[in-house]
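So this block is upload_28.csv, CSV, C-alpha atoms and all ligand atoms:
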chain,number,residue,atom,x,y,z
A,1111,MET,CA,-5.7,-12.4,-62.5
A,1112,LYS,CA,-7.3,-15.6,-63.7
A,1113,THR,CA,-5.4,-18.8,-62.7
A,1114,LYS,CA,-4.4,-20.9,-65.6
A,1115,LEU,CA,-6.4,-24.1,-65.7
A,1116,HIS,CA,-4.4,-27.4,-65.5
A,1117,TYR,CA,-7.0,-29.9,-66.7
A,1118,LEU,CA,-6.1,-33.4,-65.5
A,1119,ASP,CA,-9.6,-34.9,-65.6
A,1120,HIS,CA,-9.7,-36.4,-69.1
A,1121,ALA,CA,-11.5,-39.6,-67.8
A,1122,ALA,CA,-14.4,-37.3,-66.8
A,1123,THR,CA,-14.5,-35.6,-70.2
A,1124,THR,CA,-12.1,-34.2,-72.8
A,1125,PRO,CA,-11.8,-30.8,-74.5
A,1126,VAL,CA,-13.6,-30.8,-77.9
A,1127,LEU,CA,-11.1,-31.0,-80.7
A,1128,PRO,CA,-11.0,-27.8,-82.8
A,1129,GLU,CA,-11.7,-29.7,-86.0
A,1130,VAL,CA,-14.6,-31.4,-84.4
A,1131,ALA,CA,-16.1,-28.1,-83.2
A,1132,GLU,CA,-15.6,-26.6,-86.6
A,1133,ALA,CA,-17.2,-29.5,-88.5
A,1134,MET,CA,-20.2,-29.6,-86.0
A,1135,GLY,CA,-20.7,-25.8,-86.4
A,1136,LYS,CA,-20.8,-26.2,-90.2
A,1137,VAL,CA,-23.4,-29.0,-89.9
A,1138,LEU,CA,-25.5,-26.9,-87.5
A,1139,ARG,CA,-25.3,-23.9,-89.8
A,1140,GLU,CA,-25.7,-25.5,-93.2
A,1141,ASP,CA,-26.8,-29.2,-93.0
A,1142,PHE,CA,-29.9,-29.0,-90.9
A,1143,GLY,CA,-31.8,-31.7,-92.8
A,1144,ASN,CA,-33.5,-34.6,-91.1
A,1145,PRO,CA,-31.6,-37.8,-92.2
A,1146,SER,CA,-35.0,-39.6,-92.4
A,1147,SER,CA,-36.3,-37.1,-95.0
A,1148,LEU,CA,-36.2,-38.1,-98.6
A,1149,HIS,CA,-35.4,-34.7,-100.2
A,1150,ALA,CA,-31.9,-33.4,-100.9
A,1151,ALA,CA,-31.4,-31.8,-97.5
A,1152,GLY,CA,-32.3,-35.0,-95.8
A,1153,ARG,CA,-30.1,-37.1,-98.1
A,1154,ARG,CA,-27.2,-34.8,-97.3
A,1155,ALA,CA,-27.7,-35.2,-93.6
A,1156,LYS,CA,-28.0,-39.0,-94.1
A,1157,GLU,CA,-24.8,-39.0,-96.0
A,1158,LEU,CA,-23.0,-37.2,-93.2
A,1159,VAL,CA,-24.3,-39.7,-90.6
A,1160,GLU,CA,-23.2,-42.7,-92.8
A,1161,ASP,CA,-19.8,-41.2,-93.3
A,1162,ALA,CA,-19.5,-40.8,-89.5
A,1163,ARG,CA,-20.7,-44.4,-89.0
A,1164,GLU,CA,-17.8,-45.6,-91.2
A,1165,GLN,CA,-15.4,-43.5,-89.3
A,1166,VAL,CA,-16.5,-44.8,-85.9
A,1167,ALA,CA,-16.6,-48.4,-87.2
A,1168,ALA,CA,-13.1,-48.1,-88.6
A,1169,GLY,CA,-11.9,-46.7,-85.3
A,1170,VAL,CA,-13.1,-49.7,-83.3
A,1171,GLY,CA,-12.6,-52.6,-85.7
A,1172,ALA,CA,-16.3,-53.1,-86.6
A,1173,ARG,CA,-18.4,-52.9,-89.7
A,1174,PRO,CA,-20.5,-49.8,-90.2
A,1175,ASP,CA,-23.8,-51.7,-90.0
A,1176,GLU,CA,-22.7,-52.9,-86.5
A,1177,ILE,CA,-22.7,-49.3,-85.1
A,1178,VAL,CA,-25.9,-48.0,-83.5
A,1179,PHE,CA,-25.7,-44.3,-82.6
A,1180,THR,CA,-27.0,-43.4,-79.1
A,1181,GLY,CA,-27.3,-40.5,-76.8
A,1182,GLY,CA,-24.0,-41.4,-75.0
A,1183,GLY,CA,-22.2,-44.1,-73.1
A,1184,THR,CA,-24.9,-44.5,-70.5
A,1185,GLU,CA,-27.6,-45.1,-73.1
A,1186,ALA,CA,-25.4,-47.5,-75.0
A,1187,ASP,CA,-24.8,-49.6,-71.8
A,1188,ASN,CA,-28.5,-49.5,-71.0
A,1189,LEU,CA,-29.4,-50.6,-74.5
A,1190,ALA,CA,-26.9,-53.5,-74.3
A,1191,LEU,CA,-28.2,-54.9,-71.0
A,1192,LYS,CA,-31.9,-54.2,-71.3
A,1193,GLY,CA,-32.0,-54.9,-75.0
A,1194,ALA,CA,-30.4,-58.3,-74.4
A,1195,ALA,CA,-32.7,-59.1,-71.5
A,1196,GLY,CA,-35.7,-58.0,-73.5
A,1197,LYS,CA,-34.8,-60.4,-76.2
A,1198,LEU,CA,-33.6,-63.4,-74.2
A,1199,ARG,CA,-35.8,-63.4,-71.1
A,1200,GLY,CA,-37.8,-66.6,-70.9
A,1201,ASN,CA,-34.9,-68.7,-72.2
A,1202,ALA,CA,-32.3,-67.1,-69.9
A,1203,ASP,CA,-32.8,-65.2,-66.7
A,1204,HIS,CA,-29.2,-64.6,-65.4
A,1205,MET,CA,-26.7,-61.9,-66.0
A,1206,VAL,CA,-23.1,-61.5,-64.8
A,1207,VAL,CA,-21.4,-58.1,-64.3
A,1208,SER,CA,-18.1,-57.2,-62.6
A,1209,ALA,CA,-18.3,-55.5,-59.2
A,1210,PHE,CA,-16.5,-52.3,-60.3
A,1211,GLU,CA,-18.5,-51.5,-63.5
A,1212,HIS,CA,-19.6,-47.9,-64.1
A,1213,HIS,CA,-23.0,-47.1,-62.7
A,1214,ALA,CA,-24.4,-47.2,-66.2
A,1215,VAL,CA,-24.0,-50.9,-66.2
A,1216,LEU,CA,-24.4,-51.6,-62.4
A,1217,ASP,CA,-27.6,-49.7,-62.1
A,1218,ALA,CA,-29.1,-51.0,-65.4
A,1219,ALA,CA,-28.3,-54.5,-64.0
A,1220,HIS,CA,-29.8,-53.6,-60.7
A,1221,TRP,CA,-33.0,-52.4,-62.4
A,1222,LEU,CA,-33.2,-55.7,-64.3
A,1223,GLY,CA,-32.9,-57.4,-61.0
A,1224,THR,CA,-36.1,-55.7,-59.9
A,1225,GLN,CA,-37.7,-57.2,-63.1
A,1226,GLY,CA,-36.8,-60.8,-62.2
A,1227,VAL,CA,-33.4,-61.1,-63.8
A,1228,GLU,CA,-30.8,-62.7,-61.4
A,1229,VAL,CA,-27.6,-60.7,-61.3
A,1230,SER,CA,-24.2,-62.0,-60.2
A,1231,HIS,CA,-21.3,-59.7,-59.4
A,1232,VAL,CA,-17.8,-61.0,-60.2
A,1233,PRO,CA,-15.3,-59.9,-57.6
A,1234,VAL,CA,-12.3,-57.8,-58.7
A,1235,GLY,CA,-8.7,-58.3,-57.6
A,1236,GLY,CA,-6.9,-55.8,-55.4
A,1237,ASP,CA,-4.8,-55.1,-58.6
A,1238,GLY,CA,-8.0,-53.8,-60.3
A,1239,LEU,CA,-8.2,-56.8,-62.7
A,1240,VAL,CA,-11.0,-59.1,-63.4
A,1241,ASP,CA,-9.9,-62.8,-63.7
A,1242,PRO,CA,-11.4,-64.5,-66.8
A,1243,ALA,CA,-11.6,-67.8,-64.9
A,1244,ALA,CA,-13.6,-66.1,-62.1
A,1245,VAL,CA,-16.0,-64.7,-64.7
A,1246,ALA,CA,-16.5,-68.1,-66.3
A,1247,SER,CA,-17.2,-69.6,-62.9
A,1248,PHE,CA,-20.4,-67.6,-62.7
A,1249,VAL,CA,-21.6,-68.5,-66.1
A,1250,ARG,CA,-24.4,-71.1,-66.3
A,1251,PRO,CA,-26.8,-72.5,-69.0
A,1252,SER,CA,-29.2,-69.7,-68.2
A,1253,THR,CA,-26.7,-66.8,-68.4
A,1254,MET,CA,-27.9,-64.4,-71.1
A,1255,LEU,CA,-25.1,-61.8,-70.8
A,1256,VAL,CA,-21.8,-61.0,-69.2
A,1257,SER,CA,-20.6,-57.4,-68.9
A,1258,VAL,CA,-17.0,-56.5,-68.0
A,1259,MET,CA,-15.6,-53.1,-68.8
A,1260,ALA,CA,-12.6,-52.8,-71.1
A,1261,VAL,CA,-10.9,-50.1,-69.0
A,1262,ASN,CA,-12.0,-49.0,-65.5
A,1263,ASN,CA,-12.8,-45.3,-65.4
A,1264,GLU,CA,-11.3,-44.7,-61.9
A,1265,VAL,CA,-8.2,-46.8,-61.7
A,1266,GLY,CA,-7.5,-47.1,-65.5
A,1267,THR,CA,-6.8,-50.8,-65.4
A,1268,ILE,CA,-7.2,-52.7,-68.7
A,1269,GLN,CA,-9.2,-55.9,-68.5
A,1270,PRO,CA,-8.3,-59.0,-70.5
A,1271,ILE,CA,-11.5,-58.7,-72.6
A,1272,SER,CA,-10.8,-61.3,-75.3
A,1273,GLU,CA,-9.7,-63.9,-72.7
A,1274,ILE,CA,-12.9,-63.1,-70.7
A,1275,ALA,CA,-15.0,-63.6,-73.9
A,1276,SER,CA,-13.3,-66.9,-74.7
A,1277,ALA,CA,-13.7,-68.1,-71.1
A,1278,VAL,CA,-17.4,-67.3,-71.1
A,1279,ARG,CA,-18.0,-68.9,-74.5
A,1280,ALA,CA,-16.2,-72.1,-73.4
A,1281,VAL,CA,-18.9,-72.5,-70.7
A,1282,ASN,CA,-21.9,-71.2,-72.6
A,1283,PRO,CA,-21.6,-70.3,-76.3
A,1284,ARG,CA,-25.0,-68.6,-76.2
A,1285,THR,CA,-24.1,-66.1,-73.6
A,1286,LEU,CA,-23.6,-62.6,-75.0
A,1287,VAL,CA,-20.5,-60.7,-74.0
A,1288,HIS,CA,-20.8,-56.9,-73.5
A,1289,THR,CA,-17.9,-54.6,-72.8
A,1290,ASP,CA,-18.2,-50.9,-71.7
A,1291,ALA,CA,-15.4,-49.6,-73.8
A,1292,VAL,CA,-16.1,-45.9,-73.0
A,1293,GLN,CA,-12.6,-45.5,-71.4
A,1294,ALA,CA,-10.8,-47.7,-73.9
A,1295,LEU,CA,-11.2,-45.7,-77.1
A,1296,GLY,CA,-8.3,-43.4,-77.6
A,1297,ASN,CA,-6.4,-45.0,-74.8
A,1298,LEU,CA,-5.6,-48.3,-76.4
A,1299,PRO,CA,-6.2,-49.9,-79.8
A,1300,VAL,CA,-9.8,-51.1,-79.9
A,1301,ASP,CA,-10.4,-54.1,-82.2
A,1302,LEU,CA,-13.9,-55.5,-81.5
A,1303,HIS,CA,-13.8,-58.4,-83.9
A,1304,ARG,CA,-10.5,-59.5,-82.5
A,1305,TRP,CA,-11.8,-59.1,-78.9
A,1306,GLU,CA,-14.7,-61.3,-80.0
A,1307,VAL,CA,-17.3,-59.4,-78.0
A,1308,ASP,CA,-21.0,-59.1,-79.0
A,1309,LEU,CA,-21.7,-55.7,-77.7
A,1310,ALA,CA,-19.6,-52.6,-76.8
A,1311,ALA,CA,-20.4,-49.1,-75.6
A,1312,PHE,CA,-18.7,-45.9,-76.5
A,1313,ALA,CA,-19.0,-42.2,-75.7
A,1314,ALA,CA,-17.8,-39.3,-78.0
A,1315,HIS,CA,-17.0,-36.9,-75.2
A,1316,LYS,CA,-14.1,-39.0,-73.9
A,1317,VAL,CA,-12.2,-38.7,-77.1
A,1318,GLY,CA,-12.5,-35.0,-78.1
A,1319,GLY,CA,-16.1,-35.3,-79.3
A,1320,PRO,CA,-19.3,-33.7,-78.0
A,1321,LYS,CA,-21.3,-34.8,-75.0
A,1322,GLY,CA,-24.6,-36.6,-75.5
A,1323,VAL,CA,-23.5,-38.8,-78.4
A,1324,GLY,CA,-22.3,-42.4,-78.2
A,1325,ALA,CA,-22.6,-45.7,-79.9
A,1326,LEU,CA,-23.4,-49.3,-79.2
A,1327,PHE,CA,-21.5,-51.9,-81.3
A,1328,VAL,CA,-23.9,-54.8,-82.0
A,1329,ARG,CA,-22.1,-57.6,-83.6
A,1330,SER,CA,-23.8,-58.8,-86.8
A,1331,GLY,CA,-26.4,-61.5,-86.0
A,1332,VAL,CA,-27.0,-60.3,-82.4
A,1333,ALA,CA,-30.6,-59.4,-81.8
A,1334,LEU,CA,-31.7,-56.9,-79.2
A,1335,GLU,CA,-35.0,-55.5,-78.1
A,1336,ALA,CA,-35.3,-51.7,-78.5
A,1337,THR,CA,-35.4,-49.6,-75.4
A,1338,ALA,CA,-36.8,-46.5,-77.1
A,1339,HIS,CA,-39.7,-46.9,-79.6
A,1340,GLY,CA,-40.8,-44.5,-82.2
A,1341,GLY,CA,-39.6,-43.6,-85.7
A,1342,GLY,CA,-37.6,-46.8,-86.1
A,1343,GLN,CA,-34.2,-45.0,-86.6
A,1344,GLU,CA,-31.0,-47.0,-86.1
A,1345,ARG,CA,-32.5,-50.3,-87.4
A,1346,GLY,CA,-35.4,-49.8,-84.9
A,1347,LEU,CA,-33.0,-50.1,-82.0
A,1348,ARG,CA,-32.9,-46.4,-81.1
A,1349,SER,CA,-35.8,-44.4,-82.3
A,1350,GLY,CA,-35.5,-40.6,-82.4
A,1351,THR,CA,-34.2,-38.1,-84.9
A,1352,LEU,CA,-30.5,-38.4,-85.1
A,1353,ASN,CA,-28.2,-35.8,-83.6
A,1354,VAL,CA,-26.4,-35.2,-86.9
A,1355,ALA,CA,-23.9,-32.6,-85.8
A,1356,GLY,CA,-23.0,-34.6,-82.7
A,1357,ILE,CA,-22.6,-37.8,-84.8
A,1358,VAL,CA,-20.4,-35.9,-87.3
A,1359,GLY,CA,-18.3,-34.7,-84.4
A,1360,PHE,CA,-18.1,-38.3,-83.0
A,1361,GLY,CA,-17.0,-39.7,-86.3
A,1362,LEU,CA,-14.1,-37.2,-86.6
A,1363,ALA,CA,-13.1,-37.6,-83.0
A,1364,ALA,CA,-13.2,-41.4,-83.2
A,1365,GLN,CA,-11.1,-41.4,-86.3
A,1366,SER,CA,-8.5,-39.1,-84.8
A,1367,ALA,CA,-8.5,-41.0,-81.5
A,1368,ALA,CA,-7.7,-44.3,-83.3
A,1369,LYS,CA,-5.0,-42.7,-85.5
A,1370,GLU,CA,-3.2,-41.0,-82.6
A,1371,VAL,CA,-3.5,-43.8,-80.0
A,1372,HIS,CA,0.1,-45.0,-80.0
A,1373,GLU,CA,1.7,-41.6,-80.2
A,1374,LYS,CA,-0.6,-40.3,-77.4
A,1375,ALA,CA,0.1,-43.3,-75.2
A,1376,GLU,CA,3.8,-42.8,-75.4
A,1377,ARG,CA,3.7,-39.1,-74.7
A,1378,VAL,CA,1.1,-39.2,-72.0
A,1379,GLY,CA,2.8,-42.3,-70.3
A,1380,VAL,CA,6.1,-40.4,-69.9
A,1381,MET,CA,4.2,-37.5,-68.3
A,1382,ARG,CA,2.2,-39.8,-66.0
A,1383,ASP,CA,5.4,-41.6,-64.9
A,1384,ARG,CA,7.1,-38.3,-64.1
A,1385,LEU,CA,4.1,-37.2,-62.1
A,1386,LEU,CA,4.2,-40.4,-60.1
A,1387,ASP,CA,7.9,-40.4,-59.5
A,1388,GLY,CA,7.8,-36.7,-58.4
A,1389,LEU,CA,4.9,-37.4,-56.0
A,1390,ARG,CA,6.5,-40.5,-54.5
A,1391,ALA,CA,9.6,-38.5,-53.7
A,1392,GLU,CA,7.6,-36.0,-51.7
A,1393,ILE,CA,4.8,-38.2,-50.4
A,1394,PRO,CA,6.5,-41.6,-49.8
A,1395,ASP,CA,3.5,-43.3,-48.2
A,1396,LEU,CA,1.2,-42.7,-51.2
A,1397,VAL,CA,-0.5,-45.8,-52.6
A,1398,VAL,CA,-1.1,-46.4,-56.3
A,1399,ASN,CA,-4.6,-47.9,-56.6
A,1400,GLY,CA,-4.5,-50.9,-58.9
A,1401,THR,CA,-1.6,-52.4,-60.9
A,1402,LEU,CA,0.6,-50.1,-63.0
A,1403,GLY,CA,1.3,-53.2,-65.2
A,1404,SER,CA,-2.0,-53.2,-67.1
A,1405,ARG,CA,-3.3,-49.6,-67.1
A,1406,ILE,CA,-4.0,-46.9,-69.7
A,1407,PRO,CA,-1.0,-44.5,-69.8
A,1408,GLY,CA,-2.9,-41.4,-68.7
A,1409,ASN,CA,-4.4,-42.7,-65.5
A,1410,LEU,CA,-2.9,-42.1,-62.1
A,1411,SER,CA,-5.2,-43.0,-59.2
A,1412,ILE,CA,-3.6,-42.7,-55.8
A,1413,SER,CA,-4.6,-42.8,-52.2
A,1414,ILE,CA,-2.9,-40.6,-49.6
A,1415,PRO,CA,-3.1,-41.9,-46.1
A,1416,GLY,CA,-4.6,-39.4,-43.5
A,1417,THR,CA,-6.4,-37.3,-46.1
A,1418,GLU,CA,-9.9,-36.9,-47.5
A,1419,GLY,CA,-10.0,-37.0,-51.3
A,1420,GLU,CA,-12.6,-34.2,-51.4
A,1421,THR,CA,-10.4,-31.9,-49.5
A,1422,LEU,CA,-7.5,-32.6,-51.8
A,1423,LEU,CA,-9.7,-32.0,-54.8
A,1424,LEU,CA,-11.0,-28.7,-53.5
A,1425,LEU,CA,-7.5,-27.4,-52.6
A,1426,LEU,CA,-6.2,-28.5,-56.0
A,1427,ASP,CA,-9.1,-26.7,-57.6
A,1428,GLN,CA,-8.2,-23.5,-55.8
A,1429,ALA,CA,-4.7,-23.9,-57.3
A,1430,GLY,CA,-6.2,-24.2,-60.8
A,1431,ILE,CA,-5.8,-28.0,-61.1
A,1432,ALA,CA,-8.8,-30.0,-62.2
A,1433,CYS,CA,-8.8,-33.7,-61.1
A,1434,SER,CA,-11.3,-36.0,-59.5
A,1435,SER,CA,-11.6,-37.7,-56.2
A,1436,GLY,CA,-12.6,-41.3,-55.8
A,1437,SER,CA,-15.2,-40.5,-53.2
A,1438,ALA,CA,-18.6,-39.2,-53.7
A,1439,CYS,CA,-20.5,-37.0,-51.4
A,1440,ALA,CA,-23.9,-38.6,-50.9
A,1441,SER,CA,-26.3,-37.0,-48.4
A,1442,GLY,CA,-23.6,-35.2,-46.5
A,1443,ALA,CA,-21.5,-38.3,-45.8
A,1444,ILE,CA,-18.4,-39.0,-48.0
A,1445,ASP,CA,-18.6,-42.5,-49.3
A,1446,PRO,CA,-15.5,-44.2,-50.7
A,1447,SER,CA,-16.0,-45.2,-54.3
A,1448,HIS,CA,-17.5,-48.5,-55.1
A,1449,VAL,CA,-14.6,-49.2,-57.4
A,1450,LEU,CA,-12.0,-48.9,-54.6
A,1451,SER,CA,-14.2,-50.8,-52.2
A,1452,ALA,CA,-14.7,-53.6,-54.7
A,1453,MET,CA,-10.9,-53.8,-55.0
A,1454,GLY,CA,-10.7,-54.3,-51.2
A,1455,LEU,CA,-9.0,-51.0,-50.4
A,1456,PRO,CA,-9.5,-50.2,-46.7
A,1457,GLN,CA,-12.2,-47.6,-46.3
A,1458,LYS,CA,-9.8,-45.1,-44.7
A,1459,LEU,CA,-7.4,-45.3,-47.5
A,1460,ALA,CA,-10.1,-45.3,-50.2
A,1461,ARG,CA,-11.4,-42.0,-48.8
A,1462,GLY,CA,-8.1,-40.3,-49.5
A,1463,SER,CA,-8.0,-41.1,-53.2
A,1464,VAL,CA,-7.5,-38.7,-56.1
A,1465,ARG,CA,-7.5,-39.5,-59.8
A,1466,PHE,CA,-5.3,-37.6,-62.3
A,1467,SER,CA,-6.2,-38.4,-65.8
A,1468,LEU,CA,-3.9,-37.0,-68.5
A,1469,GLY,CA,-5.0,-36.7,-72.1
A,1470,ARG,CA,-4.0,-35.4,-75.5
A,1471,ALA,CA,-4.0,-31.8,-74.3
A,1472,SER,CA,-1.8,-32.4,-71.3
A,1473,THR,CA,1.6,-30.8,-71.0
A,1474,ASP,CA,4.7,-30.9,-68.8
A,1475,GLU,CA,3.5,-27.6,-67.3
A,1476,ASP,CA,0.4,-29.4,-66.0
A,1477,VAL,CA,2.6,-32.1,-64.3
A,1478,ASP,CA,4.9,-29.4,-62.9
A,1479,ALA,CA,1.9,-27.6,-61.4
A,1480,VAL,CA,0.7,-30.6,-59.5
A,1481,LEU,CA,4.2,-31.4,-58.3
A,1482,ALA,CA,4.6,-27.8,-57.1
A,1483,VAL,CA,1.4,-27.7,-55.0
A,1484,LEU,CA,0.3,-31.2,-54.0
A,1485,PRO,CA,2.9,-31.9,-51.2
A,1486,GLY,CA,1.8,-28.6,-49.4
A,1487,ILE,CA,-1.8,-29.4,-50.0
A,1488,VAL,CA,-1.4,-32.9,-48.5
A,1489,ALA,CA,0.2,-31.4,-45.4
A,1490,ARG,CA,-2.8,-29.0,-45.0
A,1491,ALA,CA,-5.3,-31.8,-45.7
A,1492,ARG,CA,-3.6,-34.0,-43.1
A,1493,ARG,CA,-3.9,-31.2,-40.5
A,1494,ALA,CA,-7.6,-30.8,-41.5
A,1495,ALA,CA,-8.4,-34.5,-41.3
A,1501,LIG,C1,-16.7,-46.5,-68.1
A,1501,LIG,C2,-17.8,-45.5,-68.4
A,1501,LIG,N1,-19.0,-46.0,-68.8
A,1501,LIG,C3,-20.0,-45.2,-69.1
A,1501,LIG,C4,-19.9,-43.8,-69.0
A,1501,LIG,C5,-21.1,-42.9,-69.3
A,1501,LIG,O1,-20.9,-42.3,-70.5
A,1501,LIG,P1,-21.8,-41.0,-70.8
A,1501,LIG,O2,-21.2,-39.9,-69.9
A,1501,LIG,O3,-21.6,-40.7,-72.3
A,1501,LIG,O4,-23.2,-41.3,-70.5
A,1501,LIG,C6,-18.7,-43.3,-68.5
A,1501,LIG,C7,-18.5,-41.8,-68.4
A,1501,LIG,O5,-18.4,-41.3,-67.3
A,1501,LIG,C8,-17.6,-44.1,-68.2
A,1501,LIG,O6,-16.5,-43.7,-67.8

Represent the structure of the file as structure tokens.
Ligand SMILES: Cc1ncc(COP(=O)(O)O)c(C=O)c1O
Amino acid sequence: MKTKLHYLDHAATTPVLPEVAEAMGKVLREDFGNPSSLHAAGRRAKELVEDAREQVAAGVGARPDEIVFTGGGTEADNLALKGAAGKLRGNADHMVVSAFEHHAVLDAAHWLGTQGVEVSHVPVGGDGLVDPAAVASFVRPSTMLVSVMAVNNEVGTIQPISEIASAVRAVNPRTLVHTDAVQALGNLPVDLHRWEVDLAAFAAHKVGGPKGVGALFVRSGVALEATAHGGGQERGLRSGTLNVAGIVGFGLAAQSAAKEVHEKAERVGVMRDRLLDGLRAEIPDLVVNGTLGSRIPGNLSISIPGTEGETLLLLLDQAGIACSSGSACASGAIDPSHVLSAMGLPQKLARGSVRFSLGRASTDEDVDAVLAVLPGIVARARRAA
């Protein structure tokens, strides 16, 4: 008999919403035109793309002409950092990123470091929060860009983005502020003009849309250098024939994520709290990674002393529960995540971390399933450790 899947890994990706799959299927079957073509089929495809651009813009508090479609969150982050550096190098040669950014930002910054850009890493508090004053203390006249994520993907902590943007501007009004908002959309209201950021990255697959589609918000008046050259699509910033079906899916998913954000937060928050209370009753020494005070409702990242996260993950998987561990197996050795390390969690504790991320499709049954098996799994994992 097939075990029922309890999917608690929404921060990794989300199930595609039925209406999104339906709309994308229709585009693939019927609206195959190239949006750059001038004939009726092309014009129809272009219309679909522009409708989706409006939906995404409305969902994030931006204007449609500030949305550049990309091939996902990673590409959007790369375009923000490399595009800013391409435009501003010569006048500015310094960049600031937080120490627990996603690798899409960290590795793009690292690469820019090999090209002569000086990169500073702002430390993160043990609570998983980045202090605006700490960010500002790194900014200098030559700082071209600051990048701090809106929500951390592993511990779910919400960063004070508008305070960070104002603190940066107070030191250097020319410094661009980028935020990786991939984990923010659908988990908290996103209002980019109020946040006063210049650039923001999004990915469709985190909000019930398809993989391989994302967007970079580029505030009106901000100039970037393209990272892909060719047909000049997306105002020359992202050449390449547009993924029309994917973009249509993203538009619908973004619209629905923004509409349901409050209702989802309430429902998911209750489930997450019940999960935590139940686990604490059975595993009293578990540690919640990062503050619960400023965190998206669906995230529960915990460390369980005396265990390896990978072992917990595999045993949970055998029980039909999908979640994620904070550690990554690189070349045979299990390394604790850079996020937990940046937060100063002792290595031993960081190695025993698991992340449950609840989403729109999560149910009380999913929570019950974890509560039923995790205490026994922890006992086994402790014996194995
Ligand atoms: C915070 C954050 N940034 C960037 C990405 C990368 O997005 P994508 O998978 O669309 O390339 C992810 C996805 O894992 C993420 O969680």

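Minimum distance to Gly1359 in chain A across A:Val1137, A:Ala1150, A:Val1287, A:Leu1115 (counting only C-alpha atoms) occurs at A:Val1137.
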
Next item on the list: May I have the residues within 8 Å of Gly1416 in chain A as a ChimeraX atom specification, using only C-alpha atoms and disregarding those fewer than 4 positions away in the same chain?
Entry: /A:1458-1459,1462,1491-1492,1495

Next item on the list: Please give me, as an NGL selection string, the residues lying within 9 Å of ligand LIG 1501 (chain A) when counting only C-alpha atoms and all ligand atoms.
Entry: :A and (1121-1123 or 1181-1187 or 1211-1215 or 1259-1264 or 1290-1294 or 1311-1316 or 1321-1324)

What does the file look like for those residues with C-alpha atoms, as a tab-separated table (two decimals), in the frame of the given file?
chain	number	residue	atom	x	y	z
A	1121	ALA	CA	-11.50	-39.60	-67.80
A	1122	ALA	CA	-14.40	-37.30	-66.80
A	1123	THR	CA	-14.50	-35.60	-70.20
A	1181	GLY	CA	-27.30	-40.50	-76.80
A	1182	GLY	CA	-24.00	-41.40	-75.00
A	1183	GLY	CA	-22.20	-44.10	-73.10
A	1184	THR	CA	-24.90	-44.50	-70.50
A	1185	GLU	CA	-27.60	-45.10	-73.10
A	1186	ALA	CA	-25.40	-47.50	-75.00
A	1187	ASP	CA	-24.80	-49.60	-71.80
A	1211	GLU	CA	-18.50	-51.50	-63.50
A	1212	HIS	CA	-19.60	-47.90	-64.10
A	1213	HIS	CA	-23.00	-47.10	-62.70
A	1214	ALA	CA	-24.40	-47.20	-66.20
A	1215	VAL	CA	-24.00	-50.90	-66.20
A	1259	MET	CA	-15.60	-53.10	-68.80
A	1260	ALA	CA	-12.60	-52.80	-71.10
A	1261	VAL	CA	-10.90	-50.10	-69.00
A	1262	ASN	CA	-12.00	-49.00	-65.50
A	1263	ASN	CA	-12.80	-45.30	-65.40
A	1264	GLU	CA	-11.30	-44.70	-61.90
A	1290	ASP	CA	-18.20	-50.90	-71.70
A	1291	ALA	CA	-15.40	-49.60	-73.80
A	1292	VAL	CA	-16.10	-45.90	-73.00
A	1293	GLN	CA	-12.60	-45.50	-71.40
A	1294	ALA	CA	-10.80	-47.70	-73.90
A	1311	ALA	CA	-20.40	-49.10	-75.60
A	1312	PHE	CA	-18.70	-45.90	-76.50
A	1313	ALA	CA	-19.00	-42.20	-75.70
A	1314	ALA	CA	-17.80	-39.30	-78.00
A	1315	HIS	CA	-17.00	-36.90	-75.20
A	1316	LYS	CA	-14.10	-39.00	-73.90
A	1321	LYS	CA	-21.30	-34.80	-75.00
A	1322	GLY	CA	-24.60	-36.60	-75.50
A	1323	VAL	CA	-23.50	-38.80	-78.40
A	1324	GLY	CA	-22.30	-42.40	-78.20

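Here CA of Ala1246 in chain A and CA of Ile1274 in chain A stand 7.6 Å from one another.
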
Next item on the list: Would you mind reading off the distance between CA of Val1480 in chain A and CA of His1116 in chain A, one decimal, in Å?
Entry: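 Answer for the CA of Val1480 in chain A to CA of His1116 in chain A separation: 8.5 Å.
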
All file atoms of range 1264-1275 of chain A boxed axis-aligned, 5 Å per side, centre plus edges, as AutoDock Vina command-line options:
--center_x -10.9 --center_y -54.3 --center_z -68.5 --size_x 18.2 --size_y 29.2 --size_z 23.6
